[in-house]
$ cat start-v9.cif   # mmCIF, C-alpha atoms
data_final
loop_
_atom_site.group_PDB
_atom_site.id
_atom_site.type_symbol
_atom_site.label_atom_id
_atom_site.label_comp_id
_atom_site.auth_asym_id
_atom_site.auth_seq_id
_atom_site.Cartn_x
_atom_site.Cartn_y
_atom_site.Cartn_z
ATOM 1 C CA MET I 1 0.000 0.000 0.000
ATOM 2 C CA THR I 2 1.196 3.471 -0.813
ATOM 3 C CA THR I 3 1.414 6.271 1.730
ATOM 4 C CA THR I 4 -1.587 7.962 0.114
ATOM 5 C CA GLU I 5 -3.636 4.760 0.423
ATOM 6 C CA TRP I 6 -2.715 4.441 4.108
ATOM 7 C CA ILE I 7 -3.600 8.075 4.782
ATOM 8 C CA THR I 8 -6.988 7.907 3.036
ATOM 9 C CA ASP I 9 -7.895 4.554 4.626
ATOM 10 C CA VAL I 10 -6.964 5.744 8.116
ATOM 11 C CA ALA I 11 -8.692 9.103 7.546
ATOM 12 C CA LEU I 12 -11.917 7.330 6.598
ATOM 13 C CA ILE I 13 -11.716 5.180 9.712
ATOM 14 C CA LEU I 14 -10.976 8.191 11.927
ATOM 15 C CA VAL I 15 -13.992 10.144 10.620
ATOM 16 C CA VAL I 16 -16.348 8.186 12.868
ATOM 17 C CA PHE I 17 -14.084 8.543 15.907
ATOM 18 C CA ARG I 18 -14.506 12.296 15.571
ATOM 19 C CA GLN I 19 -18.207 11.663 16.136
ATOM 20 C CA LEU I 20 -17.785 9.502 19.235
ATOM 21 C CA ARG I 21 -17.946 12.766 21.142
ATOM 22 C CA GLU I 22 -21.260 14.482 20.733
ATOM 23 C CA GLY I 23 -21.003 17.447 18.427
ATOM 24 C CA ARG I 24 -23.058 19.762 16.339
ATOM 25 C CA LEU I 25 -24.356 18.451 13.017
ATOM 26 C CA ASP I 26 -23.126 20.970 10.497
ATOM 27 C CA LEU I 27 -21.836 21.186 6.963
ATOM 28 C CA LYS I 28 -18.424 19.800 8.019
ATOM 29 C CA SER I 29 -20.158 16.645 9.246
ATOM 30 C CA PHE I 30 -21.127 15.972 5.654
ATOM 31 C CA LEU I 31 -18.275 17.523 3.667
ATOM 32 C CA ILE I 32 -15.314 15.830 5.368
ATOM 33 C CA PRO I 33 -16.356 12.197 4.719
ATOM 34 C CA LEU I 34 -17.744 13.075 1.283
ATOM 35 C CA GLY I 35 -14.512 14.861 0.398
ATOM 36 C CA ILE I 36 -12.385 11.897 1.433
ATOM 37 C CA VAL I 37 -14.400 9.310 -0.543
ATOM 38 C CA THR I 38 -14.577 11.663 -3.524
ATOM 39 C CA PHE I 39 -10.779 11.870 -3.459
ATOM 40 C CA VAL I 40 -10.537 8.072 -3.211
ATOM 41 C CA ALA I 41 -13.011 7.583 -6.058
ATOM 42 C CA TYR I 42 -11.205 10.135 -8.222
ATOM 43 C CA SER I 43 -7.831 8.544 -7.480
ATOM 44 C CA TYR I 44 -8.702 4.874 -7.919
ATOM 45 C CA LEU I 45 -11.882 4.573 -9.954
ATOM 46 C CA ASP I 46 -10.616 4.781 -13.521
ATOM 47 C CA THR I 47 -13.280 2.530 -15.020
ATOM 48 C CA ILE I 48 -16.122 0.335 -13.916
ATOM 49 C CA PRO I 49 -15.639 -3.039 -15.607
ATOM 50 C CA THR I 50 -18.836 -4.572 -16.958
ATOM 51 C CA GLU I 51 -17.678 -7.898 -18.398
ATOM 52 C CA GLY I 52 -18.308 -11.323 -16.891
ATOM 53 C CA ASN I 53 -19.619 -11.056 -13.352
ATOM 54 C CA ASP I 54 -17.829 -7.799 -12.585
ATOM 55 C CA LEU I 55 -21.098 -5.928 -12.069
ATOM 56 C CA VAL I 56 -22.360 -8.677 -9.756
ATOM 57 C CA LEU I 57 -19.268 -8.269 -7.564
ATOM 58 C CA ILE I 58 -19.652 -4.492 -7.625
ATOM 59 C CA GLY I 59 -23.378 -4.729 -6.845
ATOM 60 C CA VAL I 60 -22.831 -7.120 -3.934
ATOM 61 C CA LEU I 61 -20.186 -4.931 -2.313
ATOM 62 C CA MET I 62 -22.228 -1.769 -2.921
ATOM 63 C CA SER I 63 -25.179 -3.508 -1.227
ATOM 64 C CA VAL I 64 -22.958 -4.350 1.745
ATOM 65 C CA GLY I 65 -21.892 -0.689 1.850
ATOM 66 C CA ALA I 66 -25.522 0.447 1.762
ATOM 67 C CA VAL I 67 -26.516 -1.866 4.623
ATOM 68 C CA LEU I 68 -23.543 -0.760 6.720
ATOM 69 C CA GLY I 69 -24.233 2.896 5.931
ATOM 70 C CA VAL I 70 -27.931 2.823 6.778
ATOM 71 C CA ALA I 71 -27.312 0.806 9.943
ATOM 72 C CA GLY I 72 -24.509 3.172 10.956
ATOM 73 C CA GLY I 73 -26.821 6.135 10.411
ATOM 74 C CA ILE I 74 -29.558 4.506 12.470
ATOM 75 C CA TYR I 75 -27.155 3.782 15.342
ATOM 76 C CA THR I 76 -25.950 7.377 15.439
ATOM 77 C CA ARG I 77 -27.668 9.298 18.224
ATOM 78 C CA ILE I 78 -29.331 12.487 17.002
ATOM 79 C CA ARG I 79 -30.974 15.035 19.253
ATOM 80 C CA ALA I 80 -32.021 18.643 19.101
ATOM 81 C CA VAL I 81 -30.812 21.163 21.656
ATOM 82 C CA GLY I 82 -32.306 24.560 21.078
ATOM 83 C CA GLU I 83 -31.824 25.375 17.424
ATOM 84 C CA HIS I 84 -28.939 22.942 16.980
ATOM 85 C CA VAL I 85 -28.899 19.270 16.096
ATOM 86 C CA LEU I 86 -26.273 17.188 17.873
ATOM 87 C CA ILE I 87 -24.981 13.809 16.757
ATOM 88 C CA LYS I 88 -22.954 11.137 18.478
ATOM 89 C CA ALA I 89 -21.843 7.882 16.909
ATOM 90 C CA GLY I 90 -22.629 4.990 19.190
ATOM 91 C CA ALA I 91 -20.506 1.884 19.630
ATOM 92 C CA VAL I 92 -22.510 -0.055 17.022
ATOM 93 C CA SER I 93 -22.186 2.776 14.516
ATOM 94 C CA ALA I 94 -18.436 2.983 15.088
ATOM 95 C CA ILE I 95 -17.990 -0.773 14.761
ATOM 96 C CA LEU I 96 -19.987 -0.867 11.517
ATOM 97 C CA TRP I 97 -17.997 2.056 10.110
ATOM 98 C CA VAL I 98 -14.634 0.520 10.982
ATOM 99 C CA LEU I 99 -15.806 -2.854 9.653
ATOM 100 C CA GLY I 100 -16.792 -1.352 6.308
ATOM 101 C CA MET I 101 -13.814 0.945 5.877
ATOM 102 C CA GLY I 102 -11.394 -1.566 7.364
ATOM 103 C CA ALA I 103 -12.584 -4.308 4.994
ATOM 104 C CA ARG I 104 -11.005 -2.569 2.031
ATOM 105 C CA MET I 105 -7.789 -1.991 3.904
ATOM 106 C CA GLY I 106 -7.691 -5.563 5.209
ATOM 107 C CA PHE I 107 -8.413 -7.005 1.768
ATOM 108 C CA GLN I 108 -5.600 -4.978 0.253
ATOM 109 C CA MET I 109 -3.144 -6.012 2.992
ATOM 110 C CA TRP I 110 -4.144 -9.664 2.567
ATOM 111 C CA MET I 111 -3.652 -9.413 -1.188
ATOM 112 C CA GLU I 112 -0.237 -7.765 -0.954
ATOM 113 C CA HIS I 113 1.354 -9.400 2.068
ATOM 114 C CA SER I 114 -0.393 -12.650 2.981
ATOM 115 C CA GLY I 115 -0.605 -14.521 -0.284
ATOM 116 C CA GLY I 116 -4.206 -13.609 -0.941
ATOM 117 C CA ALA I 117 -3.521 -12.680 -4.555
ATOM 118 C CA ASP I 118 -3.508 -16.333 -5.663
ATOM 119 C CA ASP I 119 -6.783 -17.037 -3.835
ATOM 120 C CA VAL I 120 -8.425 -13.956 -5.338
ATOM 121 C CA ALA I 121 -7.168 -14.914 -8.804
ATOM 122 C CA ARG I 122 -8.685 -18.406 -8.439
ATOM 123 C CA PHE I 123 -11.950 -16.983 -7.085
ATOM 124 C CA SER I 124 -12.061 -14.422 -9.890
ATOM 125 C CA SER I 125 -11.439 -17.059 -12.538
ATOM 126 C CA THR I 126 -14.046 -19.425 -11.099
ATOM 127 C CA HIS I 127 -16.662 -16.670 -10.805
ATOM 128 C CA HIS I 128 -15.874 -14.876 -14.080
ATOM 129 C CA ILE I 129 -14.552 -11.672 -12.553
ATOM 130 C CA THR I 130 -12.441 -10.309 -15.362
ATOM 131 C CA SER I 131 -9.854 -8.021 -13.773
ATOM 132 C CA GLY I 132 -8.303 -6.555 -10.675
ATOM 133 C CA GLN I 133 -10.011 -3.278 -11.594
ATOM 134 C CA ALA I 134 -13.353 -4.958 -10.809
ATOM 135 C CA TRP I 135 -12.156 -5.502 -7.236
ATOM 136 C CA VAL I 136 -10.886 -1.932 -6.988
ATOM 137 C CA ALA I 137 -14.182 -0.546 -8.314
ATOM 138 C CA ALA I 138 -16.197 -2.798 -6.007
ATOM 139 C CA PHE I 139 -14.375 -1.728 -2.837
ATOM 140 C CA VAL I 140 -14.235 1.962 -3.767
ATOM 141 C CA LEU I 141 -17.948 1.994 -4.614
ATOM 142 C CA MET I 142 -18.679 0.066 -1.409
ATOM 143 C CA ALA I 143 -16.944 2.800 0.623
ATOM 144 C CA LEU I 144 -18.677 5.544 -1.355
ATOM 145 C CA THR I 145 -22.059 3.873 -0.880
ATOM 146 C CA GLU I 146 -21.468 3.396 2.851
ATOM 147 C CA VAL I 147 -20.573 7.059 3.315
ATOM 148 C CA VAL I 148 -23.452 8.401 1.214
ATOM 149 C CA THR I 149 -26.119 6.144 2.781
ATOM 150 C CA ARG I 150 -24.879 6.838 6.320
ATOM 151 C CA LEU I 151 -24.922 10.584 5.724
ATOM 152 C CA ALA I 152 -28.315 10.417 3.988
ATOM 153 C CA THR I 153 -29.734 8.446 6.923
ATOM 154 C CA ILE I 154 -28.323 10.960 9.406
ATOM 155 C CA PHE I 155 -29.638 13.863 7.327
ATOM 156 C CA ILE I 156 -33.156 12.382 7.089
ATOM 157 C CA ARG I 157 -33.213 11.537 10.785
ATOM 158 C CA SER I 158 -31.902 15.001 11.700
ATOM 159 C CA ARG I 159 -34.784 16.655 9.821
ATOM 160 C CA THR I 160 -37.218 14.915 12.161
ATOM 161 C CA ARG I 161 -35.371 16.371 15.174
ATOM 162 C CA MET I 162 -35.393 19.973 13.995
ATOM 163 C CA VAL I 163 -37.156 22.309 16.342
ATOM 164 C CA THR I 164 -39.678 24.441 14.542
ATOM 165 C CA ARG I 165 -41.155 27.541 16.062
ATOM 166 C CA PRO I 166 -44.872 28.086 15.564
ATOM 167 C CA VAL I 167 -45.730 30.886 13.188
ATOM 168 C CA PRO I 168 -48.223 33.297 14.762
ATOM 169 C CA VAL I 169 -51.570 33.497 12.972
ATOM 170 C CA PHE I 170 -51.865 37.198 13.681
ATOM 171 C CA ASP I 171 -49.758 39.922 15.233
ATOM 172 C CA ARG I 172 -51.080 40.836 18.688
ATOM 173 C CA THR I 173 -49.317 44.203 18.716
ATOM 174 C CA ALA I 174 -51.543 45.635 15.992
#
$ encode --input "start-v9.cif" --output "structure tokens"
Amino acid sequence: MTTTEWITDVALILVVFRQLREGRLDLKSFLIPLGIVTFVAYSYLDTIPTEGNDLVLIGVLMSVGAVLGVAGGIYTRIRAVGEHVLIKAGAVSAILWVLGMGARMGFQMWMEHSGGADDVARFSSTHHITSGQAWVAAFVLMALTEVVTRLATIFIRSRTRMVTRPVPVFDRTA
């Protein structure tokens, strides 16, 4: 793994740890993780292979990302205090996030340093996965899907916590 890969993988894992302390839900809460996965997608997602069962692999890992993202968003505590919405990632949310983001990192380490490349090549051949780029696309899109679905879930849930002030029907001072 390159230094850039280590930095982006660790940064994605650390994003949730920032939310283990309760903090205000603001634009940074959305932009930081989206910025990191956008950088990863831009850096590593050259093409999306469509031959053989490449799209099946990509679809399966994107589905895993979606499940992890929605579940992580559900297990993030959201509450309104005054006009602010506060969020705090719970233990389950943090575990799901690390599991999803760490899976890519673990897979890459296994491939490069533990002899996993031969096993993946056999699996790919048996299941008609045509290239290493299919694996790259699948894991990058899994991470992207996890981030987007988690943030979307948090956003939707936060809208239900917003405090709205009643609008007066008439002005009593008149």
$ closest_residue --input "start-v9.cif" --among "I:Ala80, I:Leu57, I:Val10, I:Leu151" --to "Gly102 (chain I)" --atoms "only C-alpha atoms"
I:Val10
$ closest_residue --input "start-v9.cif" --among "I:Ile156, I:Leu20, I:Val15, I:Val140" --to "Pro33 (chain I)" --atoms "only C-alpha atoms"
I:Val15
$ atom_distance --input "start-v9.cif" --atom1 "CA of Leu25 (chain I)" --atom2 "CA of Gly82 (chain I)"
12.9 Å
$ closest_residue --input "start-v9.cif" --among "I:Asp54, I:Glu22, I:Asp118, I:Glu146" --to "Val67 (chain I)" --atoms "all atoms listed in the file"
I:Glu146
$ closest_residue --input "start-v9.cif" --among "I:Ala152, I:Ala138, I:Val85, I:Met111" --to "Val64 (chain I)" --atoms "all atoms listed in the file"
I:Ala138
$ axis_aligned_box --input "start-v9.cif" --around "region 17-26 of chain I" --padding-each-side "4 Å" --output "AutoDock Vina command-line options"
--center_x -19.2 --center_y 14.8 --center_z 15.8 --size_x 18.3 --size_y 20.4 --size_z 18.6
$ residues_near_point --input "start-v9.cif" --point "(-17.9, 2.6, 12.4)" --cutoff "6 Å" --atoms "all atoms listed in the file" --output "list of chain:residue names"
I:Val16, I:Ser93, I:Ala94, I:Ile95, I:Leu96, I:Trp97, I:Val98
